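Comments concern the structure below.
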Amino acid sequence: MYFRKLYTLVFLRNDTHILLGLKKRGFGVDKWNGFGGKVEINETIIDAAIRELKEESCVVVKKCNLKNIGHLEFTFEGDPTMMDVRVYSASIFEGAPTETDEMSPKWFAYTEIPFQDMWPDDIIWFPFMLKGSC
Ligand SMILES: CNc1ncnc2c1ncn2[C@@H]1O[C@H](COP(=O)(O)OP(=O)(O)OP(=O)(O)O)[C@@H](O)[C@H]1O
């Protein structure tokens, strides 16, 4: 039995590159990842996705430009919480990605994703995401 906790994860993309952020503190520190975090009480998942992206990268994206591309469930040994992660992508957004207290953003070519410095599961599902088959 797990307790589910909702999280968001947003990837900005164009035809050749994806924006990742190097996490500067807390959970997943020193790993490259998309932008996201916990969905707060009284907040919709999509509003949380927009808020976390802005807090972590200063980029603003409109609801209509966020595409729901996946759903990931992570559990950790000895932890009764399941991370229920809703994944989005966007290619239309406002503002330039900017370093914040939490994340340092950088564009990566699809052929140069730094999997050695990411969560170990990412190498399994990123290829499906990048091919656009999920
Ligand atoms: C295990 N393999 C994984 N692979 C890829 N991504 C993963 C992940 N496990 C967690 N994630 C993501 O990491 C972020 C953590 O969010 P996290 O920083 O804890 O949330 P939030 O900003 O609300 O926290 P604080 O306000 O700092 O407490 C969140 O987007 C979540 O989807």
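Ordered as shown in the structure tokens, chains take letters A, B, and onward, while each chain numbers its residues from 1 and ligands are numbered from 1 in the order shown.
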
Using only C-alpha atoms and all ligand atoms, tabulate the residues of chain A lying at most 8 Å from any atom of ligand 1, each with its closest atom pair and that distance in Å to one decimal, by chain and increasing residue number, as a tab-separated table.
residue	atom	partner	partner_atom_place_in_ligand_line	distance
A:Tyr7	CA	ligand 1	32 (O)	5.1
A:Thr8	CA	ligand 1	30 (O)	5.1
A:Leu9	CA	ligand 1	30 (O)	4.4
A:Val10	CA	ligand 1	30 (O)	7.6
A:Arg25	CA	ligand 1	27 (O)	7.6
A:Gly26	CA	ligand 1	27 (O)	6.0
A:Phe27	CA	ligand 1	19 (O)	5.0
A:Gly28	CA	ligand 1	13 (O)	6.4
A:Asn33	CA	ligand 1	6 (N)	6.1
A:Gly34	CA	ligand 1	30 (O)	6.6
A:Phe35	CA	ligand 1	30 (O)	5.6
A:Gly36	CA	ligand 1	30 (O)	3.4
A:Gly37	CA	ligand 1	20 (O)	3.3
A:Lys38	CA	ligand 1	23 (O)	3.9
A:Val39	CA	ligand 1	23 (O)	7.0
A:Glu52	CA	ligand 1	22 (O)	6.8
A:Phe74	CA	ligand 1	1 (C)	5.7
A:Thr75	CA	ligand 1	1 (C)	7.6
A:Phe76	CA	ligand 1	1 (C)	7.9
A:Met83	CA	ligand 1	10 (C)	7.0
A:Asp84	CA	ligand 1	32 (O)	7.8
A:Val85	CA	ligand 1	32 (O)	5.0
A:Arg86	CA	ligand 1	32 (O)	7.3
A:Val87	CA	ligand 1	32 (O)	7.7
A:Glu102	CA	ligand 1	27 (O)	7.7
A:Met118	CA	ligand 1	4 (N)	7.5
A:Trp119	CA	ligand 1	4 (N)	5.0
A:Pro120	CA	ligand 1	2 (N)	6.9
A:Asp121	CA	ligand 1	2 (N)	5.8
A:Asp122	CA	ligand 1	4 (N)	5.7

Write out as an MDAnalysis selection string the set of residues from chain A that DSSP, computed on the backbone, places in strand (DSSP E or B).
chainID A and resid 3:13 17:23 32:33 35 38 60 67:74 81:90 94 103:109

Output C-alpha atoms for every residue in the selection just made, as a short mmCIF file (atom, residue, chain, number, x, y, z; two decimals), in the first residue's frame.
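Contents of out18.cif, as written:
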data_model
loop_
_atom_site.label_atom_id
_atom_site.label_comp_id
_atom_site.auth_asym_id
_atom_site.auth_seq_id
_atom_site.Cartn_x
_atom_site.Cartn_y
_atom_site.Cartn_z
CA PHE A 3 0.30 6.94 -0.32
CA ARG A 4 0.22 8.82 -3.62
CA LYS A 5 1.66 12.29 -3.83
CA LEU A 6 1.19 14.37 -6.99
CA TYR A 7 4.15 16.00 -8.73
CA THR A 8 4.64 17.83 -12.02
CA LEU A 9 7.51 17.66 -14.50
CA VAL A 10 7.76 20.05 -17.47
CA PHE A 11 10.09 19.88 -20.46
CA LEU A 12 10.56 22.78 -22.86
CA ARG A 13 11.49 21.52 -26.30
CA HIS A 17 16.93 20.57 -28.13
CA ILE A 18 15.38 20.06 -24.71
CA LEU A 19 15.75 22.36 -21.70
CA LEU A 20 16.98 20.68 -18.52
CA GLY A 21 17.84 22.24 -15.18
CA LEU A 22 20.62 21.22 -12.82
CA LYS A 23 18.98 20.91 -9.38
CA TRP A 32 19.66 17.30 -14.53
CA ASN A 33 15.91 17.11 -14.84
CA PHE A 35 11.17 21.54 -14.01
CA LYS A 38 4.71 19.06 -5.58
CA VAL A 60 6.03 31.51 -18.37
CA LYS A 67 0.85 19.17 -23.64
CA ASN A 68 0.29 16.29 -21.25
CA ILE A 69 2.74 13.66 -22.49
CA GLY A 70 3.08 11.14 -19.72
CA HIS A 71 2.49 9.75 -16.28
CA LEU A 72 5.29 8.26 -14.18
CA GLU A 73 5.07 6.49 -10.83
CA PHE A 74 8.18 6.28 -8.65
CA THR A 81 4.99 7.34 -0.60
CA MET A 82 4.49 6.89 -4.34
CA MET A 83 5.51 9.88 -6.45
CA ASP A 84 2.73 10.28 -9.01
CA VAL A 85 4.40 12.45 -11.64
CA ARG A 86 2.42 14.18 -14.42
CA VAL A 87 4.69 15.03 -17.33
CA TYR A 88 4.16 17.93 -19.75
CA SER A 89 5.99 19.42 -22.69
CA ALA A 90 5.81 22.86 -24.26
CA GLU A 94 7.58 33.47 -22.80
CA MET A 103 17.78 25.21 -10.89
CA SER A 104 20.43 26.13 -13.42
CA PRO A 105 18.89 25.77 -16.92
CA LYS A 106 20.65 24.59 -20.07
CA TRP A 107 19.55 23.47 -23.55
CA PHE A 108 20.74 20.00 -24.60
CA ALA A 109 20.71 18.51 -28.09
#

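Residues in contact range of A:Asp15, defined as at most 10 Å between only C-alpha atoms, with sequence neighbours fewer than 4 positions away removed, read Ser91, Ala109, Tyr110 and Leu130 of chain A.
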
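Separating atom CA of A:Asn65 from atom CA of A:Glu43 is a distance of 18.6 Å.
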
List every residue of stretch 44-131 of chain A that DSSP, applied to the backbone, labels as helix (DSSP H, G or I), and write the result as a ChimeraX atom specification.
/A:45-57,63-65,110-112,115-117,122-131

Can you pull out the residues contacting A:Val61? Cut-off 9 Å, using only C-alpha atoms, and skip same-chain residues under 5 positions away; I want them as an mmCIF file with C-alpha atoms, in the first residue's frame.
data_model
loop_
_atom_site.group_PDB
_atom_site.id
_atom_site.type_symbol
_atom_site.label_atom_id
_atom_site.label_comp_id
_atom_site.auth_asym_id
_atom_site.auth_seq_id
_atom_site.Cartn_x
_atom_site.Cartn_y
_atom_site.Cartn_z
ATOM 1 C CA ILE A 50 3.008 26.400 -14.663
ATOM 2 C CA LEU A 53 8.265 26.019 -14.173
ATOM 3 C CA LYS A 54 8.156 29.752 -13.454
ATOM 4 C CA LEU A 66 1.227 22.666 -22.228
ATOM 5 C CA ALA A 90 5.810 22.864 -24.260
ATOM 6 C CA ILE A 92 5.750 27.892 -26.991
ATOM 7 C CA PHE A 93 6.655 29.964 -23.934
ATOM 8 C CA GLU A 94 7.584 33.471 -22.803
ATOM 9 C CA GLY A 95 10.825 34.643 -21.218
#

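Distances to A:Cys58 were evaluated for A:Met1, A:Ile113, A:Ala96, A:Met129 using only C-alpha atoms, and the minimum falls at A:Ala96.
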
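Between atom CA of A:Val59 and atom CA of A:Pro97 lies a distance of 5.7 Å.
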
Pick from A:Thr98, A:Tyr2, A:Thr44, A:Asn14, whichever lies nearest to A:Gly132 using only C-alpha atoms:
A:Asn14

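Atom to atom, atom CA of A:Pro127 and atom CA of A:Arg51 stand 26.4 Å apart.
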